[in-house]
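Take a look at the structure set out below.
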Amino acid sequence: MLKTVFGKTLFEKRWLILIWALAMFVTNLMLVQIFPPMKEAFSGIINDLPESLQVWFGDGGQIWATVKGFVSLEMLGQMALVVVVFGIIFSSSILASEEKSGLLLTQLARPISRISFFIQKYSAFVVATIVVMVGFVLGTSFGTLILGEVIMPGELLNGAIGVALLVLGLGSLTFAIGAIFANGALAGALVGFYAVVGYFIVSLRGTADILTILSQLTPFYYYNEPNLMYNDFDIKHVLVLLGVIIVPLVIALPIFVGRDLRTR
């Protein structure tokens, strides 16, 4: 396995991947434990908030009434942004950063095509994302069990798949920009800025018509809409996310294959 670019990348990044997976497990497990006191605290507060602010708490605040609603709001909402950070960091470090350091030329000195190299690098990112999402799901599941609550596995899996598609989409943008411009820092900064702005626009989209329109320009609008803890996938939204994943790679691959590689 270590003789392939795919295996070598995963081996070199194994501790980063495992640390993130463990961090997601522990964080989600502990975050679920604050549901009872949060439910009690917010039950009397949310009704006094202006309607424009209640959108932050999901369904007029009623979503806080059950652990399932809490998980859909916190894990598939706020914690999804944390996994996005992992995706951007990882995807910006496995190709563009290696080119900048000169390691890429060394790896390509072996009998391997640039197309295969590109695909294997991205495949390593996909596997790494899956591993981190396993920690994400297990932490949430064990957290609810400790509370004595039960969430159907299919419901949580739906939400996790939505988050994974979001992470892969933004990771693809990062990976593609890095492959085109040979600059992982630039790719990470651009996509990171886009992700943060998109997240807040989507969070506030119910407060203004212009925000509702702008929210459709970010993958955050599609990954958990409608709420996947309560609804099936919207095929149109899934297709949009698949487009966000695939199109940047299709654009970047021929550019990466054809351009001169950077040297230190």
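Chain labels run A, B, ... following the order of the structure tokens; each chain numbers its residues from 1, and ligands are numbered from 1 in the order shown.
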message: as a ChimeraX atom specification, please: every residue in region 82-262 of chain A that a backbone DSSP assignment puts in helix (DSSP H, G or I).
response: /A:82-93,96-101,103-108,114-146,153-181,184-203,205-207,209-215,219-221,235-258
task: Would you list the contacts of Tyr222 (chain A) as a list in words, taking every protein, DNA or RNA residue within 9 Å and counting only C-alpha atoms, but skipping same-chain residues closer than 3 positions in sequence?
output: Gly162, Leu166, Gln216, Thr218, Pro219, Glu225, Pro226, Asp234, Lys236, His237, Val238, Val240 and Leu241 of chain A
Selection: 12 Å around Leu29 (chain A), only C-alpha atoms, excl. self and same-chain fewer than 4 positions, as an MDAnalysis selection string: chainID A and resid 22:25 33:35 71 74:75 79 135:147
- prompt: With only C-alpha atoms as the atoms that count, which of A:Lys3, A:Arg205, A:Arg114, A:Lys68 lies nearest to Glu155 (chain A)?
  reply: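 Using only C-alpha atoms, Glu155 (chain A) sits closest to A:Lys68.
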message: Taking 3 positions as the minimum chain separation for residues in the same chain, which residues sit within 12 Å of Phe6 (chain A) when counting only C-alpha atoms? Answer as a ChimeraX atom specification.
response: /A:1-3,9-13,94-95,107,112,116-128
Put those residues in a file: C-alpha atoms, as a tab-separated table (two decimals), in the first residue's frame.
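Wrote it out as result-v4.tsv, contents follow:
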```
chain	number	residue	atom	x	y	z
A	1	MET	CA	0.00	0.00	0.00
A	2	LEU	CA	2.83	2.40	0.85
A	3	LYS	CA	4.16	1.97	-2.67
A	9	THR	CA	-0.38	10.05	1.64
A	10	LEU	CA	-2.67	8.36	4.14
A	11	PHE	CA	0.29	6.94	6.04
A	12	GLU	CA	2.04	10.30	6.25
A	13	LYS	CA	-1.18	12.00	7.41
A	94	ILE	CA	-1.53	17.13	0.13
A	95	LEU	CA	-0.67	18.56	-3.29
A	107	GLN	CA	7.28	11.86	-6.10
A	112	ILE	CA	3.43	7.54	-12.40
A	116	SER	CA	-2.98	9.09	-11.55
A	117	PHE	CA	-1.09	11.20	-9.02
A	118	PHE	CA	-3.89	13.80	-8.94
A	119	ILE	CA	-6.61	11.16	-8.54
A	120	GLN	CA	-4.76	9.23	-5.83
A	121	LYS	CA	-4.10	12.39	-3.83
A	122	TYR	CA	-7.76	13.38	-3.95
A	123	SER	CA	-8.83	9.82	-3.12
A	124	ALA	CA	-6.72	10.01	0.04
A	125	PHE	CA	-8.64	13.15	1.01
A	126	VAL	CA	-11.96	11.32	0.49
A	127	VAL	CA	-10.87	8.44	2.75
A	128	ALA	CA	-9.57	10.85	5.39
```
task: Write out as a list in words which residues come within 6 Å of region 179-187 of chain A when counting only C-alpha atoms, dropping same-chain ones fewer than 3 positions away.
output: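 Counting only C-alpha atoms, the residues come to Ser92, Ala96, Ser97, Thr174, Ala176, Leu190, Ala252 and Phe256 of chain A.
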Kindly save the residues from that selection, with N, CA and C atoms included, as a short mmCIF file (atom, residue, chain, number, x, y, z; two decimals), in the first residue's frame.
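Writing done, so here's selection-v1.cif:
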```
data_model
loop_
_atom_site.label_atom_id
_atom_site.label_comp_id
_atom_site.auth_asym_id
_atom_site.auth_seq_id
_atom_site.Cartn_x
_atom_site.Cartn_y
_atom_site.Cartn_z
N SER A 92 -5.56 21.24 1.31
CA SER A 92 -4.57 22.24 0.89
C SER A 92 -3.14 21.78 1.14
N ALA A 96 -0.67 20.99 -3.30
CA ALA A 96 -0.07 22.30 -3.52
C ALA A 96 1.09 22.57 -2.56
N SER A 97 0.94 22.21 -1.30
CA SER A 97 2.01 22.46 -0.34
C SER A 97 3.23 21.61 -0.64
N THR A 174 -10.72 23.69 -2.62
CA THR A 174 -9.38 23.96 -2.09
C THR A 174 -8.32 23.19 -2.87
N ALA A 176 -8.52 21.93 -5.87
CA ALA A 176 -8.44 22.38 -7.26
C ALA A 176 -7.69 23.69 -7.39
N LEU A 190 -8.72 31.40 0.52
CA LEU A 190 -9.87 31.76 -0.30
C LEU A 190 -11.09 30.93 0.06
N ALA A 252 -9.49 21.55 -12.84
CA ALA A 252 -8.11 21.62 -12.37
C ALA A 252 -7.21 20.55 -12.96
N PHE A 256 -3.38 21.12 -14.18
CA PHE A 256 -2.29 20.54 -13.40
C PHE A 256 -1.39 19.65 -14.28
#
```
Name all residues at most 7 Å from region 194-198 of chain A (count only C-alpha atoms; drop same-chain ones fewer than 3 positions away) and give them as a CSV table (one decimal) with N, CA and C atoms, in the first residue's frame.
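Once everything was written out, this is result15.csv:
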```csv
chain,number,residue,atom,x,y,z
A,190,LEU,N,-8.7,31.4,0.5
A,190,LEU,CA,-9.9,31.8,-0.3
A,190,LEU,C,-11.1,30.9,0.1
A,191,VAL,N,-10.9,29.6,0.1
A,191,VAL,CA,-12.1,28.8,0.4
A,191,VAL,C,-12.5,28.9,1.9
A,201,ILE,N,-24.2,33.7,6.0
A,201,ILE,CA,-25.3,34.1,5.1
A,201,ILE,C,-26.4,33.1,5.2
A,202,VAL,N,-26.1,31.8,5.2
A,202,VAL,CA,-27.1,30.8,5.3
A,202,VAL,C,-27.8,30.9,6.7
A,215,SER,N,-27.6,33.0,-0.3
A,215,SER,CA,-27.3,31.8,0.4
A,215,SER,C,-27.3,30.6,-0.6
A,218,THR,N,-23.8,29.2,-2.0
A,218,THR,CA,-22.9,28.5,-1.2
A,218,THR,C,-23.4,27.1,-0.9
A,220,PHE,N,-23.4,25.5,1.7
A,220,PHE,CA,-24.1,25.4,3.0
A,220,PHE,C,-25.6,25.4,2.9
```
Shell around region 245-250 of chain A at 8 Å using only C-alpha atoms, local window under 5 positions removed, as a JSON list (two decimals) with N, CA and C atoms, in the first residue's frame:
```
[["chain", "number", "residue", "atom", "x", "y", "z"],
["A", 165, "LEU", "N", -20.68, 15.47, 2.23],
["A", 165, "LEU", "CA", -20.76, 16.07, 0.89],
["A", 165, "LEU", "C", -20.33, 17.54, 0.94],
["A", 168, "LEU", "N", -16.50, 17.53, 1.33],
["A", 168, "LEU", "CA", -15.86, 17.15, 0.08],
["A", 168, "LEU", "C", -15.98, 18.25, -0.96],
["A", 169, "GLY", "N", -17.09, 18.95, -0.96],
["A", 169, "GLY", "CA", -17.26, 20.04, -1.91],
["A", 169, "GLY", "C", -16.27, 21.17, -1.68],
["A", 170, "LEU", "N", -16.19, 21.64, -0.45],
["A", 170, "LEU", "CA", -15.26, 22.72, -0.14],
["A", 170, "LEU", "C", -13.81, 22.24, -0.21],
["A", 171, "GLY", "N", -13.59, 20.96, 0.13],
["A", 171, "GLY", "CA", -12.25, 20.40, -0.03],
["A", 171, "GLY", "C", -11.85, 20.31, -1.49],
["A", 172, "SER", "N", -12.79, 19.98, -2.36],
["A", 172, "SER", "CA", -12.51, 19.93, -3.80],
["A", 172, "SER", "C", -12.11, 21.30, -4.32],
["A", 173, "LEU", "N", -12.82, 22.33, -3.88],
["A", 173, "LEU", "CA", -12.47, 23.69, -4.29],
["A", 173, "LEU", "C", -11.04, 24.03, -3.85],
["A", 175, "PHE", "N", -8.56, 21.91, -3.06],
["A", 175, "PHE", "CA", -7.64, 21.05, -3.79],
["A", 175, "PHE", "C", -7.43, 21.55, -5.21],
["A", 176, "ALA", "N", -8.52, 21.93, -5.87],
["A", 176, "ALA", "CA", -8.44, 22.38, -7.26],
["A", 176, "ALA", "C", -7.69, 23.69, -7.39]]
```
- request: Please measure the separation of CA of Val257 (chain A) and CA of Ser113 (chain A), giving the value in Å to one decimal.
  value: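 Computing the Euclidean distance for CA of Val257 (chain A) and CA of Ser113 (chain A) yields 8.7 Å.
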- request: Considering only C-alpha atoms, state which residue in the set A:Thr4, A:Asn28, A:Ser93, A:Asn231 is at the smallest distance from Ala80 (chain A).
  value: A:Asn28
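Here the question is which of A:Gly243, A:Trp15, A:Phe233, A:Ile255 gets nearest to Leu157 (chain A) using only C-alpha atoms, and that residue is A:Phe233.
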field: Between CA of Gly69 (chain A) and CA of Met30 (chain A), distance in Å (one decimal)
entry: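 A separation of 16.4 Å between them.
Between Met133 (chain A) and the candidates A:Gly87, A:Gly258, A:Gly77, A:Gly7, the tightest atom-to-atom separation, counting only C-alpha atoms, involves A:Gly87.
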- request: Figure out the distance between CA of Ile115 (chain A) and CA of Val5 (chain A), please, to one decimal in Å.
  value: 11.8 Å
